[in-house]
Amino acid sequence: MPVVKLDQTTVWNTHCPKGARKLVLTDSHITGFICEVYPSGSRTYALKYKNKYKDQRQFKIGNAADLTCDQARKIAAKARARVVQELDPAEEREANRRTPTIAELADQYLAYVRTYKKSHDIDERYLRNHVVPKFGKKHLNELGQQEVLDWLDAKVRKDGYAQATVNRWQVILCHMYKMAKKWGLPGSDNNPLAGVPQKPVDNKKERFLTAEETKRLLEAVDASANSQLGPIVRLLLLTGCRKRELLDARWSEIDLDKQVWRIPMERAKTSKTRHVPLSDQALAVLGSLRRWEDCDFVVPNPESLKPYTSIHFSWDLARKAAGLPDVRIHDCRHSFASWLVEAGYSIYIVSKALGHASSRTTERYAHVSDTTLRSASNAAANLIGTEWVSP
């Protein structure tokens, strides 16, 4: 095993002796840096070393046809520094090769959450439509914190997504890394979102439709190229249900005679079967819907006869056409609640109508009843039948 100062000239002018399996040239400057010369004429750079357990290992650097001796020397020097720190460059490389991509982790994560999480379909939609298209090809150890935070910030500032929605993506991605570490997956030691607080969300900001705005919105959704958008928005406004509850609704869950819609507990957010009373107007909308043979869904996509995964595109066009670009689809639910309060119904009744587990969640709508309370105050004062202002 000749010891020489490895350089480009020496490497390419040295040949393997006839009959030998290979010739190993050992560098005189970097301990363990070698070049293996084969009878075929190929030459391979490597670093020989002993790991912390004193086992002999070899870290392949690359073929001399692909990189110069100086390039190989720099790689050997870095690998040697890892060895001095009692790290194993060959083992690290193997671990990197086993490190899954974000897309592969997403598949494993979704298979896991489907076993216990009722809202797994939301996680799946967020991952499929947003996280995986952006980061799916990256390996776990390649994703940097600032890269993720910049992307999340741009989704709010430039693309107009709600901060609460973007925060949900952050939570899912962070949880994926936590589970990857629990499962012992390579590359999961550094969670780019560990300890990163979510940006605050103004949950108290609600948007309620006026009668005039409701009329404009209904005209716009009726003019939509999506023939199902009109009935969907009407039913959201008339029942106060959540968008996903309606998109996944089945005719077998609706009792037209008893005028009630039963939402199974596996789809109800409160983990209890929910019974939604259907008004005469809601029944009229349901009665106007087209029904397809062998399709139990109430408002399916006419092309697939399956529930819509998203109606955002057609909704976005319609709300802008109505001059209501700030109105979210969830504001249909808020508007339903506000109309009940303004009609004089108690927060308890509104809570039941919305399917809230606690009336405390409904208290955000209490301020809407100012007009009703004012009318009640006027009624109390008029009942006395006296002049309240001194002559």
# chains A, B, ... in the order shown; residues from 1 in each chain; ligands from 1
>>> closest_atom_pairs(of="range 151-251 of chain A", to="range 320-329 of chain A", cutoff="6 Å", atoms="only C-alpha atoms", output="Markdown table")
| residue | atom | partner | partner_atom | distance |
| --- | --- | --- | --- | --- |
| A:Arg216 | CA | A:Ala322 | CA | 5.5 |
| A:Leu217 | CA | A:Ala322 | CA | 5.4 |
| A:Ala220 | CA | A:Ala322 | CA | 5.6 |
>>> residues_around(residues="Lys60 in chain A", least_positions_apart="4", cutoff="8 Å", atoms="only C-alpha atoms", output="PyMOL selection string")
chain A and resi 44-47+90
>>> write_last_selection(atoms="N, CA, C and O atoms", output="short mmCIF file (atom, residue, chain, number, x, y, z; two decimals), in the first residue's frame")
data_model
loop_
_atom_site.label_atom_id
_atom_site.label_comp_id
_atom_site.auth_asym_id
_atom_site.auth_seq_id
_atom_site.Cartn_x
_atom_site.Cartn_y
_atom_site.Cartn_z
N THR A 44 -11.06 5.02 -7.52
CA THR A 44 -12.08 5.46 -6.55
C THR A 44 -11.42 6.04 -5.30
O THR A 44 -10.52 5.42 -4.71
N TYR A 45 -11.89 7.24 -4.91
CA TYR A 45 -11.42 7.87 -3.68
C TYR A 45 -12.26 7.39 -2.50
O TYR A 45 -13.48 7.19 -2.62
N ALA A 46 -11.61 7.24 -1.33
CA ALA A 46 -12.33 6.83 -0.12
C ALA A 46 -11.56 7.29 1.11
O ALA A 46 -10.42 7.76 1.02
N LEU A 47 -12.21 7.15 2.25
CA LEU A 47 -11.56 7.44 3.52
C LEU A 47 -11.72 6.21 4.42
O LEU A 47 -12.84 5.78 4.69
N ALA A 90 -19.88 7.26 7.20
CA ALA A 90 -20.53 6.22 6.39
C ALA A 90 -21.92 5.91 6.94
O ALA A 90 -22.88 5.73 6.17
#
>>> select_by_dssp(residues="range 115-337 of chain A", states="alpha helix (DSSP H)", output="PyMOL selection string")
chain A and resi 120-126+132-135+145-157+163-182+211-222+229-239+243-247+280-288+312-321+331-337
>>> atom_distance(atom1="CA of Ser40 in chain A", atom2="CA of Pro2 in chain A")
19.3 Å
>>> closest_residue(among="A:Leu305, A:Ala353, A:Leu340, A:Leu149", to="Pro197 in chain A", atoms="only C-alpha atoms")
A:Leu149
>>> atom_distance(atom1="CA of Leu193 in chain A", atom2="CA of Val148 in chain A")
8.1 Å
>>> residues_around(residues="Ser310 in chain A", least_positions_apart="5", cutoff="10 Å", atoms="only C-alpha atoms", output="PyMOL selection string")
chain A and resi 125+243-244+247+315
>>> write_last_selection(atoms="N, CA, C and O atoms", output="PDB file, in the first residue's frame")
ATOM      1  N   ARG A 125     -56.467  16.896   3.147  1.00  0.00           N
ATOM      2  CA  ARG A 125     -56.661  17.941   2.136  1.00  0.00           C
ATOM      3  C   ARG A 125     -55.566  19.002   2.215  1.00  0.00           C
ATOM      4  O   ARG A 125     -55.029  19.434   1.193  1.00  0.00           O
ATOM      5  N   LYS A 243     -69.534  23.632   6.550  1.00  0.00           N
ATOM      6  CA  LYS A 243     -69.418  23.317   5.121  1.00  0.00           C
ATOM      7  C   LYS A 243     -69.204  21.823   4.896  1.00  0.00           C
ATOM      8  O   LYS A 243     -69.876  21.202   4.070  1.00  0.00           O
ATOM      9  N   ARG A 244     -68.264  21.227   5.642  1.00  0.00           N
ATOM     10  CA  ARG A 244     -67.942  19.825   5.427  1.00  0.00           C
ATOM     11  C   ARG A 244     -69.118  18.928   5.798  1.00  0.00           C
ATOM     12  O   ARG A 244     -69.336  17.887   5.174  1.00  0.00           O
ATOM     13  N   LEU A 247     -71.343  19.080   2.657  1.00  0.00           N
ATOM     14  CA  LEU A 247     -70.765  18.443   1.469  1.00  0.00           C
ATOM     15  C   LEU A 247     -70.761  16.921   1.587  1.00  0.00           C
ATOM     16  O   LEU A 247     -70.842  16.215   0.584  1.00  0.00           O
ATOM     17  N   TRP A 315     -66.820  29.416  -5.299  1.00  0.00           N
ATOM     18  CA  TRP A 315     -67.253  30.328  -4.239  1.00  0.00           C
ATOM     19  C   TRP A 315     -66.530  31.671  -4.353  1.00  0.00           C
ATOM     20  O   TRP A 315     -67.141  32.730  -4.223  1.00  0.00           O
TER      21      TRP A 315
END
>>> atom_distance(atom1="CA of Val233 in chain A", atom2="CA of Val221 in chain A")
7.6 Å
>>> residues_around(residues="Ala194 in chain A", least_positions_apart="2", cutoff="10 Å", atoms="only C-alpha atoms", output="PyMOL selection string")
chain A and resi 145+171+174-175+177-178+190-192+196-197
>>> decode(residues="range 6-20 of chain A", atoms="all heavy atoms", output="PDB file, in the first residue's frame")
ATOM      1  N   LEU A   6      -1.237  12.325  -2.498  1.00  0.00           N
ATOM      2  CA  LEU A   6      -2.199  12.143  -3.584  1.00  0.00           C
ATOM      3  C   LEU A   6      -2.435  13.452  -4.315  1.00  0.00           C
ATOM      4  O   LEU A   6      -2.745  14.479  -3.699  1.00  0.00           O
ATOM      5  CB  LEU A   6      -3.532  11.614  -3.040  1.00  0.00           C
ATOM      6  CG  LEU A   6      -3.576  10.134  -2.624  1.00  0.00           C
ATOM      7  CD1 LEU A   6      -4.963   9.779  -2.119  1.00  0.00           C
ATOM      8  CD2 LEU A   6      -3.197   9.238  -3.784  1.00  0.00           C
ATOM      9  N   ASP A   7      -2.294  13.410  -5.627  1.00  0.00           N
ATOM     10  CA  ASP A   7      -2.632  14.547  -6.479  1.00  0.00           C
ATOM     11  C   ASP A   7      -3.146  14.012  -7.797  1.00  0.00           C
ATOM     12  O   ASP A   7      -3.101  12.796  -8.057  1.00  0.00           O
ATOM     13  CB  ASP A   7      -1.442  15.497  -6.661  1.00  0.00           C
ATOM     14  CG  ASP A   7      -0.212  14.800  -7.238  1.00  0.00           C
ATOM     15  OD1 ASP A   7      -0.386  13.883  -8.072  1.00  0.00           O
ATOM     16  OD2 ASP A   7       0.912  15.161  -6.862  1.00  0.00           O
ATOM     17  N   GLN A   8      -3.608  14.875  -8.656  1.00  0.00           N
ATOM     18  CA  GLN A   8      -4.233  14.463  -9.911  1.00  0.00           C
ATOM     19  C   GLN A   8      -3.279  13.665 -10.788  1.00  0.00           C
ATOM     20  O   GLN A   8      -3.637  12.647 -11.363  1.00  0.00           O
ATOM     21  CB  GLN A   8      -4.749  15.709 -10.651  1.00  0.00           C
ATOM     22  CG  GLN A   8      -5.681  15.412 -11.805  1.00  0.00           C
ATOM     23  CD  GLN A   8      -7.090  15.034 -11.344  1.00  0.00           C
ATOM     24  OE1 GLN A   8      -7.355  14.895 -10.155  1.00  0.00           O
ATOM     25  NE2 GLN A   8      -7.982  14.854 -12.302  1.00  0.00           N
ATOM     26  N   THR A   9      -2.038  14.109 -10.848  1.00  0.00           N
ATOM     27  CA  THR A   9      -1.050  13.447 -11.713  1.00  0.00           C
ATOM     28  C   THR A   9      -0.731  12.045 -11.205  1.00  0.00           C
ATOM     29  O   THR A   9      -0.711  11.073 -11.984  1.00  0.00           O
ATOM     30  CB  THR A   9       0.244  14.276 -11.764  1.00  0.00           C
ATOM     31  OG1 THR A   9      -0.051  15.573 -12.270  1.00  0.00           O
ATOM     32  CG2 THR A   9       1.275  13.605 -12.659  1.00  0.00           C
ATOM     33  N   THR A  10      -0.486  11.939  -9.899  1.00  0.00           N
ATOM     34  CA  THR A  10      -0.138  10.634  -9.322  1.00  0.00           C
ATOM     35  C   THR A  10      -1.272   9.636  -9.515  1.00  0.00           C
ATOM     36  O   THR A  10      -1.058   8.477  -9.876  1.00  0.00           O
ATOM     37  CB  THR A  10       0.165  10.789  -7.823  1.00  0.00           C
ATOM     38  OG1 THR A  10       1.251  11.708  -7.653  1.00  0.00           O
ATOM     39  CG2 THR A  10       0.538   9.457  -7.195  1.00  0.00           C
ATOM     40  N   VAL A  11      -2.480  10.093  -9.273  1.00  0.00           N
ATOM     41  CA  VAL A  11      -3.634   9.198  -9.388  1.00  0.00           C
ATOM     42  C   VAL A  11      -3.774   8.638 -10.797  1.00  0.00           C
ATOM     43  O   VAL A  11      -3.970   7.435 -11.000  1.00  0.00           O
ATOM     44  CB  VAL A  11      -4.922   9.936  -8.962  1.00  0.00           C
ATOM     45  CG1 VAL A  11      -6.166   9.134  -9.350  1.00  0.00           C
ATOM     46  CG2 VAL A  11      -4.921  10.197  -7.463  1.00  0.00           C
ATOM     47  N   TRP A  12      -3.641   9.502 -11.796  1.00  0.00           N
ATOM     48  CA  TRP A  12      -3.888   9.055 -13.167  1.00  0.00           C
ATOM     49  C   TRP A  12      -2.680   8.399 -13.830  1.00  0.00           C
ATOM     50  O   TRP A  12      -2.826   7.711 -14.834  1.00  0.00           O
ATOM     51  CB  TRP A  12      -4.378  10.227 -14.019  1.00  0.00           C
ATOM     52  CG  TRP A  12      -5.818  10.549 -13.723  1.00  0.00           C
ATOM     53  CD1 TRP A  12      -6.290  11.556 -12.985  1.00  0.00           C
ATOM     54  CD2 TRP A  12      -6.950   9.775 -14.124  1.00  0.00           C
ATOM     55  NE1 TRP A  12      -7.662  11.510 -12.887  1.00  0.00           N
ATOM     56  CE2 TRP A  12      -8.100  10.416 -13.590  1.00  0.00           C
ATOM     57  CE3 TRP A  12      -7.118   8.601 -14.876  1.00  0.00           C
ATOM     58  CZ2 TRP A  12      -9.388   9.933 -13.770  1.00  0.00           C
ATOM     59  CZ3 TRP A  12      -8.409   8.124 -15.064  1.00  0.00           C
ATOM     60  CH2 TRP A  12      -9.527   8.787 -14.521  1.00  0.00           C
ATOM     61  N   ASN A  13      -1.482   8.577 -13.240  1.00  0.00           N
ATOM     62  CA  ASN A  13      -0.286   7.934 -13.809  1.00  0.00           C
ATOM     63  C   ASN A  13       0.046   6.614 -13.129  1.00  0.00           C
ATOM     64  O   ASN A  13       0.978   5.932 -13.524  1.00  0.00           O
ATOM     65  CB  ASN A  13       0.920   8.869 -13.711  1.00  0.00           C
ATOM     66  CG  ASN A  13       0.839  10.008 -14.715  1.00  0.00           C
ATOM     67  OD1 ASN A  13       0.104   9.924 -15.700  1.00  0.00           O
ATOM     68  ND2 ASN A  13       1.564  11.077 -14.466  1.00  0.00           N
ATOM     69  N   THR A  14      -0.717   6.260 -12.107  1.00  0.00           N
ATOM     70  CA  THR A  14      -0.490   5.001 -11.402  1.00  0.00           C
ATOM     71  C   THR A  14      -1.477   3.959 -11.903  1.00  0.00           C
ATOM     72  O   THR A  14      -2.671   4.245 -12.050  1.00  0.00           O
ATOM     73  CB  THR A  14      -0.673   5.186  -9.883  1.00  0.00           C
ATOM     74  OG1 THR A  14       0.249   6.189  -9.423  1.00  0.00           O
ATOM     75  CG2 THR A  14      -0.397   3.887  -9.148  1.00  0.00           C
ATOM     76  N   HIS A  15      -0.951   2.741 -12.179  1.00  0.00           N
ATOM     77  CA  HIS A  15      -1.812   1.677 -12.711  1.00  0.00           C
ATOM     78  C   HIS A  15      -1.732   0.459 -11.803  1.00  0.00           C
ATOM     79  O   HIS A  15      -0.733   0.245 -11.103  1.00  0.00           O
ATOM     80  CB  HIS A  15      -1.388   1.301 -14.129  1.00  0.00           C
ATOM     81  CG  HIS A  15      -1.443   2.469 -15.080  1.00  0.00           C
ATOM     82  ND1 HIS A  15      -2.590   2.875 -15.696  1.00  0.00           N
ATOM     83  CD2 HIS A  15      -0.453   3.333 -15.476  1.00  0.00           C
ATOM     84  CE1 HIS A  15      -2.338   3.935 -16.463  1.00  0.00           C
ATOM     85  NE2 HIS A  15      -1.043   4.225 -16.343  1.00  0.00           N
ATOM     86  N   CYS A  16      -2.755  -0.346 -11.862  1.00  0.00           N
ATOM     87  CA  CYS A  16      -2.807  -1.558 -11.050  1.00  0.00           C
ATOM     88  C   CYS A  16      -1.877  -2.615 -11.653  1.00  0.00           C
ATOM     89  O   CYS A  16      -1.948  -2.884 -12.873  1.00  0.00           O
ATOM     90  CB  CYS A  16      -4.238  -2.086 -10.995  1.00  0.00           C
ATOM     91  SG  CYS A  16      -4.427  -3.566  -9.982  1.00  0.00           S
ATOM     92  N   PRO A  17      -1.000  -3.204 -10.842  1.00  0.00           N
ATOM     93  CA  PRO A  17      -0.097  -4.241 -11.361  1.00  0.00           C
ATOM     94  C   PRO A  17      -0.861  -5.425 -11.948  1.00  0.00           C
ATOM     95  O   PRO A  17      -1.943  -5.771 -11.464  1.00  0.00           O
ATOM     96  CB  PRO A  17       0.694  -4.668 -10.117  1.00  0.00           C
ATOM     97  CG  PRO A  17       0.596  -3.512  -9.184  1.00  0.00           C
ATOM     98  CD  PRO A  17      -0.759  -2.928  -9.424  1.00  0.00           C
ATOM     99  N   LYS A  18      -0.296  -6.013 -12.936  1.00  0.00           N
ATOM    100  CA  LYS A  18      -0.933  -7.152 -13.592  1.00  0.00           C
ATOM    101  C   LYS A  18      -1.106  -8.299 -12.605  1.00  0.00           C
ATOM    102  O   LYS A  18      -0.193  -8.643 -11.871  1.00  0.00           O
ATOM    103  CB  LYS A  18      -0.091  -7.607 -14.780  1.00  0.00           C
ATOM    104  CG  LYS A  18      -0.777  -8.661 -15.641  1.00  0.00           C
ATOM    105  CD  LYS A  18       0.061  -8.962 -16.878  1.00  0.00           C
ATOM    106  CE  LYS A  18      -0.640  -9.997 -17.763  1.00  0.00           C
ATOM    107  NZ  LYS A  18       0.159 -10.292 -18.981  1.00  0.00           N
ATOM    108  N   GLY A  19      -2.293  -8.861 -12.569  1.00  0.00           N
ATOM    109  CA  GLY A  19      -2.593  -9.974 -11.679  1.00  0.00           C
ATOM    110  C   GLY A  19      -3.107  -9.549 -10.317  1.00  0.00           C
ATOM    111  O   GLY A  19      -3.631 -10.379  -9.572  1.00  0.00           O
ATOM    112  N   ALA A  20      -2.955  -8.265  -9.976  1.00  0.00           N
ATOM    113  CA  ALA A  20      -3.445  -7.780  -8.675  1.00  0.00           C
ATOM    114  C   ALA A  20      -4.933  -7.423  -8.774  1.00  0.00           C
ATOM    115  O   ALA A  20      -5.424  -7.025  -9.833  1.00  0.00           O
ATOM    116  CB  ALA A  20      -2.635  -6.574  -8.223  1.00  0.00           C
TER     117      ALA A  20
END
